[in-house]
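Q: Take a look at target19.csv, CSV, C-alpha atoms:
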```
chain,number,residue,atom,x,y,z
A,1,MET,CA,-20.1,6.9,-1.8
A,2,ARG,CA,-19.1,6.5,-5.5
A,3,GLN,CA,-15.4,6.4,-6.2
A,4,ILE,CA,-13.4,5.9,-9.4
A,5,ILE,CA,-9.9,4.4,-9.4
A,6,ILE,CA,-7.9,6.0,-12.3
A,7,ASP,CA,-4.6,5.1,-13.9
A,8,THR,CA,-2.8,6.3,-17.1
A,9,GLU,CA,0.2,5.3,-19.1
A,10,THR,CA,2.0,8.0,-21.1
A,11,THR,CA,4.6,8.6,-23.8
A,12,GLY,CA,6.9,10.3,-21.2
A,13,LEU,CA,7.0,12.2,-18.0
A,14,ASP,CA,5.9,15.8,-18.7
A,15,PRO,CA,2.8,16.9,-20.7
A,16,GLN,CA,4.4,20.4,-20.9
A,17,GLN,CA,7.0,18.8,-23.2
A,18,GLY,CA,4.4,17.5,-25.5
A,19,HIS,CA,4.0,14.0,-23.9
A,20,ARG,CA,0.6,12.4,-24.2
A,21,ILE,CA,-1.6,9.7,-22.6
A,22,ILE,CA,-1.5,6.4,-24.4
A,23,GLU,CA,-3.7,4.3,-22.0
A,24,LEU,CA,-6.5,5.3,-19.7
A,25,ALA,CA,-8.4,3.1,-17.3
A,26,ALA,CA,-11.1,3.8,-14.7
A,27,LEU,CA,-12.7,1.3,-12.3
A,28,GLU,CA,-15.9,2.1,-10.2
A,29,VAL,CA,-16.2,1.5,-6.5
A,30,ALA,CA,-19.4,2.1,-4.6
A,31,ASN,CA,-19.8,1.8,-0.9
A,32,ARG,CA,-16.3,0.2,-0.7
A,33,ARG,CA,-17.1,-2.5,-3.2
A,34,ALA,CA,-15.9,-2.8,-6.8
A,35,THR,CA,-19.0,-2.8,-8.9
A,36,GLY,CA,-17.5,-4.5,-12.0
A,37,ARG,CA,-17.9,-1.4,-14.1
A,38,THR,CA,-14.7,-0.3,-15.9
A,39,LEU,CA,-13.6,2.0,-18.6
A,40,HIS,CA,-10.4,1.2,-20.7
A,41,PHE,CA,-8.9,2.9,-23.7
A,42,ARG,CA,-5.6,2.5,-25.6
A,43,ILE,CA,-4.9,5.8,-27.4
A,44,ASP,CA,-2.9,6.8,-30.4
A,45,PRO,CA,-0.6,9.6,-29.0
A,46,GLU,CA,0.2,10.9,-32.5
A,47,ARG,CA,3.9,11.0,-31.5
A,48,GLU,CA,6.8,8.8,-30.6
A,49,ILE,CA,7.1,7.2,-27.2
A,50,ASP,CA,10.2,7.6,-25.1
A,51,SER,CA,12.2,4.4,-24.8
A,52,ALA,CA,12.3,4.7,-21.0
A,53,ALA,CA,8.5,4.8,-21.0
A,54,THR,CA,8.3,1.8,-23.3
A,55,GLU,CA,10.5,-0.1,-20.9
A,56,GLY,CA,7.9,0.5,-18.2
A,57,HIS,CA,4.6,-0.3,-20.1
A,58,GLY,CA,5.9,-2.2,-23.1
A,59,MET,CA,4.1,-0.1,-25.8
A,60,THR,CA,5.4,1.6,-28.8
A,61,TRP,CA,3.8,4.1,-31.2
A,62,GLU,CA,3.5,1.3,-33.8
A,63,ASP,CA,1.3,-0.7,-31.3
A,64,LEU,CA,-1.1,2.2,-31.0
A,65,LYS,CA,-1.5,3.5,-34.5
A,66,GLY,CA,-5.1,3.1,-35.5
A,67,LYS,CA,-6.4,3.4,-31.9
A,68,PRO,CA,-8.7,6.3,-31.0
A,69,LYS,CA,-7.1,9.7,-30.5
A,70,PHE,CA,-7.7,11.2,-27.0
A,71,ARG,CA,-10.1,13.9,-28.5
A,72,GLU,CA,-12.3,11.0,-29.6
A,73,ILE,CA,-12.9,9.5,-26.1
A,74,PRO,CA,-13.2,12.1,-23.4
A,75,ALA,CA,-17.0,12.3,-23.5
A,76,GLU,CA,-17.2,8.6,-22.4
A,77,PHE,CA,-14.6,9.2,-19.7
A,78,ILE,CA,-16.4,12.3,-18.3
A,79,ALA,CA,-19.8,10.5,-18.3
A,80,PHE,CA,-18.2,7.6,-16.3
A,81,ALA,CA,-16.0,9.6,-13.9
A,82,GLN,CA,-17.9,12.9,-13.3
A,83,GLY,CA,-19.1,13.6,-9.8
A,84,ALA,CA,-17.2,10.8,-8.2
A,85,GLU,CA,-14.3,10.9,-5.8
A,86,TRP,CA,-11.1,10.0,-7.8
A,87,ILE,CA,-8.5,7.7,-6.3
A,88,ILE,CA,-5.1,7.8,-8.0
A,89,HIS,CA,-1.6,6.7,-7.1
A,90,ASN,CA,0.7,9.7,-7.5
A,91,ALA,CA,-2.3,11.9,-8.4
A,92,PRO,CA,-0.4,15.0,-9.6
A,93,PHE,CA,1.2,13.0,-12.4
A,94,ASP,CA,-2.1,11.6,-13.8
A,95,LEU,CA,-4.1,14.8,-13.2
A,96,GLY,CA,-1.5,16.8,-15.0
A,97,PHE,CA,-1.8,14.7,-18.1
A,98,LEU,CA,-5.6,14.5,-17.9
A,99,ASP,CA,-5.8,18.3,-17.6
A,100,PHE,CA,-3.5,18.8,-20.6
A,101,GLU,CA,-5.5,16.4,-22.7
A,102,LEU,CA,-8.9,17.9,-21.7
A,103,ARG,CA,-7.7,21.4,-22.4
A,104,GLN,CA,-6.5,20.3,-25.8
A,105,ALA,CA,-10.0,19.0,-26.4
A,106,THR,CA,-11.5,22.3,-25.1
A,107,LEU,CA,-13.3,20.5,-22.2
A,108,PRO,CA,-13.5,21.2,-18.5
A,109,CYS,CA,-10.4,20.3,-16.5
A,110,CYS,CA,-10.3,17.7,-13.7
A,111,ILE,CA,-11.2,20.0,-10.8
A,112,GLU,CA,-14.6,20.7,-12.5
A,113,LEU,CA,-15.3,17.0,-12.9
A,114,HIS,CA,-14.4,15.2,-9.7
A,115,ALA,CA,-15.8,15.4,-6.2
A,116,GLY,CA,-12.4,15.2,-4.6
A,117,VAL,CA,-9.1,13.3,-5.1
A,118,ILE,CA,-7.4,10.8,-2.8
A,119,ASP,CA,-3.7,10.4,-3.6
A,120,THR,CA,-2.8,6.9,-2.4
A,121,LEU,CA,0.9,7.6,-2.7
A,122,ALA,CA,0.6,10.5,-0.2
A,123,LEU,CA,-1.7,8.4,2.0
A,124,ALA,CA,0.9,5.6,2.0
A,125,ARG,CA,3.7,8.0,2.8
A,126,ASP,CA,1.7,9.2,5.8
A,127,LEU,CA,1.0,5.7,7.0
A,128,PHE,CA,4.5,4.2,6.3
A,129,PRO,CA,7.0,7.1,6.4
A,130,GLY,CA,10.5,6.1,5.1
A,131,LYS,CA,9.2,2.9,3.5
A,132,ARG,CA,8.9,2.1,-0.2
A,133,ASN,CA,5.4,3.0,-1.3
A,134,SER,CA,5.3,2.1,-5.0
A,135,LEU,CA,2.3,0.1,-6.1
A,136,ASP,CA,4.4,-3.0,-6.2
A,137,ALA,CA,5.6,-2.4,-2.6
A,138,LEU,CA,2.1,-1.8,-1.4
A,139,CYS,CA,0.8,-5.0,-3.1
A,140,GLU,CA,3.5,-6.9,-1.2
A,141,ARG,CA,2.8,-5.1,2.1
A,142,PHE,CA,-1.0,-5.9,1.9
A,143,SER,CA,-0.7,-9.3,0.3
A,144,VAL,CA,-2.3,-8.3,-3.0
A,145,ASP,CA,-1.4,-10.7,-5.8
A,146,ASN,CA,0.5,-8.7,-8.5
A,147,ALA,CA,2.2,-11.6,-10.2
A,148,GLN,CA,0.6,-10.6,-13.5
A,149,ARG,CA,2.2,-7.2,-13.4
A,150,THR,CA,5.3,-7.9,-15.5
A,151,VAL,CA,4.8,-4.4,-17.1
A,152,HIS,CA,2.7,-1.4,-16.2
A,153,GLY,CA,-0.8,-1.4,-17.6
A,154,ALA,CA,-3.5,1.1,-16.8
A,155,LEU,CA,-6.4,-1.4,-16.3
A,156,LEU,CA,-4.4,-4.0,-14.3
A,157,ASP,CA,-2.8,-1.2,-12.2
A,158,ALA,CA,-6.3,0.3,-11.5
A,159,GLN,CA,-7.5,-3.1,-10.3
A,160,LEU,CA,-4.5,-3.6,-8.1
A,161,LEU,CA,-4.8,-0.1,-6.7
A,162,ALA,CA,-8.5,-0.7,-5.8
A,163,ASP,CA,-7.5,-3.8,-3.8
A,164,VAL,CA,-4.6,-1.9,-2.1
A,165,TYR,CA,-6.7,1.1,-1.3
A,166,LEU,CA,-9.6,-0.9,0.1
A,167,THR,CA,-7.2,-2.9,2.3
A,168,MET,CA,-5.2,0.1,3.4
A,169,THR,CA,-8.3,2.0,4.5
A,170,ARG,CA,-10.2,-0.9,6.0
A,171,ALA,CA,-9.9,0.6,9.5
A,172,GLU,CA,-12.3,3.4,8.3
A,173,GLU,CA,-15.1,0.9,7.9
A,174,PRO,CA,-17.8,1.1,10.6
A,175,LEU,CA,-17.3,-1.6,13.3
A,176,THR,CA,-20.4,-3.5,14.3
A,177,ILE,CA,-20.2,-5.6,17.4
A,178,ASP,CA,-22.9,-8.2,18.0
A,179,MET,CA,-23.6,-8.2,21.8
A,180,ALA,CA,-24.4,-11.8,22.7
A,181,PRO,CA,-26.6,-12.3,25.8
A,182,PRO,CA,-24.9,-13.5,29.0
A,183,PRO,CA,-24.7,-17.3,29.2
A,184,ALA,CA,-27.2,-19.1,31.4
A,185,PRO,CA,-25.7,-20.3,34.7
A,186,ALA,CA,-24.5,-23.9,34.7
A,187,LEU,CA,-26.6,-26.3,36.8
A,188,ASP,CA,-25.7,-29.5,38.6
A,189,PRO,CA,-27.9,-32.6,38.4
A,190,SER,CA,-30.0,-31.3,41.3
A,191,GLY,CA,-30.8,-28.1,39.5
A,192,ALA,CA,-28.6,-25.9,41.7
A,193,ALA,CA,-26.3,-23.3,40.1
A,194,ILE,CA,-22.6,-24.3,40.0
A,195,ASP,CA,-20.1,-21.7,41.2
A,196,LEU,CA,-17.8,-21.7,38.2
A,197,ALA,CA,-15.7,-18.9,39.5
A,198,GLY,CA,-14.9,-20.9,42.6
A,199,ALA,CA,-14.2,-24.0,40.5
A,200,ARG,CA,-11.5,-22.3,38.5
A,201,LYS,CA,-7.9,-23.3,39.5
A,202,THR,CA,-5.0,-21.0,39.5
A,203,VAL,CA,-2.3,-22.1,37.1
A,204,GLY,CA,1.3,-21.3,38.1
A,205,ALA,CA,3.7,-19.7,35.7
A,206,ILE,CA,5.6,-22.2,33.6
A,207,GLU,CA,9.2,-21.3,33.0
A,208,PRO,CA,10.5,-21.8,29.4
A,209,SER,CA,13.2,-24.3,28.8
A,210,ALA,CA,16.7,-23.3,27.7
A,211,GLU,CA,15.9,-24.7,24.2
A,212,GLU,CA,12.7,-22.6,24.0
A,213,LEU,CA,14.6,-19.5,25.1
A,214,ALA,CA,17.2,-20.0,22.4
A,215,LEU,CA,14.5,-20.4,19.7
A,216,HIS,CA,12.8,-17.2,20.9
```
Could you rewrite the structure in this file as structure tokens?

A:
Amino acid sequence: MRQIIIDTETTGLDPQQGHRIIELAALEVANRRATGRTLHFRIDPEREIDSAATEGHGMTWEDLKGKPKFREIPAEFIAFAQGAEWIIHNAPFDLGFLDFELRQATLPCCIELHAGVIDTLALARDLFPGKRNSLDALCERFSVDNAQRTVHGALLDAQLLADVYLTMTRAEEPLTIDMAPPPAPALDPSGAAIDLAGARKTVGAIEPSAEELALH
């Protein structure tokens, strides 16, 4: 199965208020293995970036002036992501922005491009109800090294999410058990089989010491 891990960074929280995508990254996974194929754009949003958003990802409009506009890059994104299952953390947020940008470019919206969406935030909430399920929290929970994530970044976040998703869903992998043949009977020097069952000794229960109980 071909899957695409997708992440975006934006100028703010709501595309309906004119906010835009400023960074888009996609990472390919095939048969539960990262293929090494990635797509990454930094994008000129043609507008100012909210200060709260800049605090999260560290980018200002000045940093992005001269980068491609979104309308210049969707063909490459569509060629990379079309027909795959998309994996996104908090999918409604990213899909809302992608749909807005694709409509602006008079292109098909997301539902016409993907083969399904897995929202890892919803998945984590089902698995760990009442727990923190941010990307950082999931990295900590699954021992995924996120030390480089001092600010949000679409490509790094996609790479971290790929590791988190593959670890979180590892139980779905088919389990193959190698059945070893039964061991040959032990023989004594004369060649007769030794009764190992009869040779086993019963070990009595050992009571823990007071010190061990205290440590426990």

Q: Counting only C-alpha atoms, figure out which residue out of A:Gly153, A:Arg71, A:Leu123, A:Arg132 gets nearest to Ala105 (chain A).

A: A:Arg71

Q: Considering all atoms listed in the file, state which residue in the set A:His89, A:Arg47, A:His57, A:Arg32 is at the smallest distance from Leu161 (chain A).

A: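 Checking each of A:His89, A:Arg47, A:His57, A:Arg32 against Leu161 (chain A), counting all atoms listed in the file, the winner is A:His89.
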
Q: Which one is closest to Gln3 (chain A): A:Leu160, A:Ala91, A:Leu155, A:Ala115? Count all atoms listed in the file.

A: A:Ala115

Q: Got a sec: who's within 12 Å of Ile21 (chain A), counting all atoms listed in the file, leaving out chain neighbours fewer than 5 positions off, as an NGL selection string?

A: :A and (7-15 or 41-49 or 53 or 59 or 61 or 64 or 68-71 or 73-74 or 93-102 or 154)

Q: Could you dump the residues just selected with C-alpha atoms as a PDB file, keeping the file's coordinate frame?

A:
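Written file, out-v9.pdb:
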```pdb
ATOM      1  CA  ASP A   7      -4.600   5.100 -13.900  1.00  0.00           C
ATOM      2  CA  THR A   8      -2.800   6.300 -17.100  1.00  0.00           C
ATOM      3  CA  GLU A   9       0.200   5.300 -19.100  1.00  0.00           C
ATOM      4  CA  THR A  10       2.000   8.000 -21.100  1.00  0.00           C
ATOM      5  CA  THR A  11       4.600   8.600 -23.800  1.00  0.00           C
ATOM      6  CA  GLY A  12       6.900  10.300 -21.200  1.00  0.00           C
ATOM      7  CA  LEU A  13       7.000  12.200 -18.000  1.00  0.00           C
ATOM      8  CA  ASP A  14       5.900  15.800 -18.700  1.00  0.00           C
ATOM      9  CA  PRO A  15       2.800  16.900 -20.700  1.00  0.00           C
ATOM     10  CA  PHE A  41      -8.900   2.900 -23.700  1.00  0.00           C
ATOM     11  CA  ARG A  42      -5.600   2.500 -25.600  1.00  0.00           C
ATOM     12  CA  ILE A  43      -4.900   5.800 -27.400  1.00  0.00           C
ATOM     13  CA  ASP A  44      -2.900   6.800 -30.400  1.00  0.00           C
ATOM     14  CA  PRO A  45      -0.600   9.600 -29.000  1.00  0.00           C
ATOM     15  CA  GLU A  46       0.200  10.900 -32.500  1.00  0.00           C
ATOM     16  CA  ARG A  47       3.900  11.000 -31.500  1.00  0.00           C
ATOM     17  CA  GLU A  48       6.800   8.800 -30.600  1.00  0.00           C
ATOM     18  CA  ILE A  49       7.100   7.200 -27.200  1.00  0.00           C
ATOM     19  CA  ALA A  53       8.500   4.800 -21.000  1.00  0.00           C
ATOM     20  CA  MET A  59       4.100  -0.100 -25.800  1.00  0.00           C
ATOM     21  CA  TRP A  61       3.800   4.100 -31.200  1.00  0.00           C
ATOM     22  CA  LEU A  64      -1.100   2.200 -31.000  1.00  0.00           C
ATOM     23  CA  PRO A  68      -8.700   6.300 -31.000  1.00  0.00           C
ATOM     24  CA  LYS A  69      -7.100   9.700 -30.500  1.00  0.00           C
ATOM     25  CA  PHE A  70      -7.700  11.200 -27.000  1.00  0.00           C
ATOM     26  CA  ARG A  71     -10.100  13.900 -28.500  1.00  0.00           C
ATOM     27  CA  ILE A  73     -12.900   9.500 -26.100  1.00  0.00           C
ATOM     28  CA  PRO A  74     -13.200  12.100 -23.400  1.00  0.00           C
ATOM     29  CA  PHE A  93       1.200  13.000 -12.400  1.00  0.00           C
ATOM     30  CA  ASP A  94      -2.100  11.600 -13.800  1.00  0.00           C
ATOM     31  CA  LEU A  95      -4.100  14.800 -13.200  1.00  0.00           C
ATOM     32  CA  GLY A  96      -1.500  16.800 -15.000  1.00  0.00           C
ATOM     33  CA  PHE A  97      -1.800  14.700 -18.100  1.00  0.00           C
ATOM     34  CA  LEU A  98      -5.600  14.500 -17.900  1.00  0.00           C
ATOM     35  CA  ASP A  99      -5.800  18.300 -17.600  1.00  0.00           C
ATOM     36  CA  PHE A 100      -3.500  18.800 -20.600  1.00  0.00           C
ATOM     37  CA  GLU A 101      -5.500  16.400 -22.700  1.00  0.00           C
ATOM     38  CA  LEU A 102      -8.900  17.900 -21.700  1.00  0.00           C
ATOM     39  CA  ALA A 154      -3.500   1.100 -16.800  1.00  0.00           C
TER      40      ALA A 154
END
```

Q: Record the distance separating CA of Asp157 (chain A) and CA of Gln16 (chain A), expressed in Å with one decimal.

A: 24.4 Å

Q: Rank A:Ile87, A:Leu113, A:Val29, A:Leu166 by their smallest atom-to-atom distance to Val144 (chain A), using only C-alpha atoms, and report the top residue only.

A: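 Going through A:Ile87, A:Leu113, A:Val29, A:Leu166 one by one, the smallest distance to Val144 (chain A) is for A:Leu166.
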
Q: Please indicate the distance in Å from CA of Ala124 (chain A) to CA of Ala34 (chain A), rounded to one decimal place.

A: 20.7 Å

Q: Hey, can you check how far CA of Glu112 (chain A) sits from CA of Ala81 (chain A)?

A: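 Those two atoms sit 11.3 Å apart.
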
Q: Using all atoms listed in the file, which of A:Met168, A:Leu156, A:Glu72, A:Asp163 sits nearest Ala26 (chain A)?

A: A:Leu156

Q: Within 10 Å of Cys139 (chain A), counting all atoms listed in the file, which residues qualify if same-chain residues fewer than 4 places away don't, as a ChimeraX atom specification?

A: /A:133-135,143-147,160-161,163-165,167

Q: Using all atoms listed in the file, pick whichever of A:Thr54, A:Asn90, A:Lys131, A:Gln82 has the shortest atom-to-atom distance to Cys110 (chain A).

A: A:Gln82

Q: Kindly list the centre and edge lengths in Å, rounded to one decimal, for the axis-aligned box that covers all listed atoms of region 101-120 of chain A plus 5 Å on each of its six sides, as AutoDock Vina command-line options.

A:
```
--center_x -9.3 --center_y 14.6 --center_z -14.4 --size_x 23.0 --size_y 25.4 --size_z 34.0
```
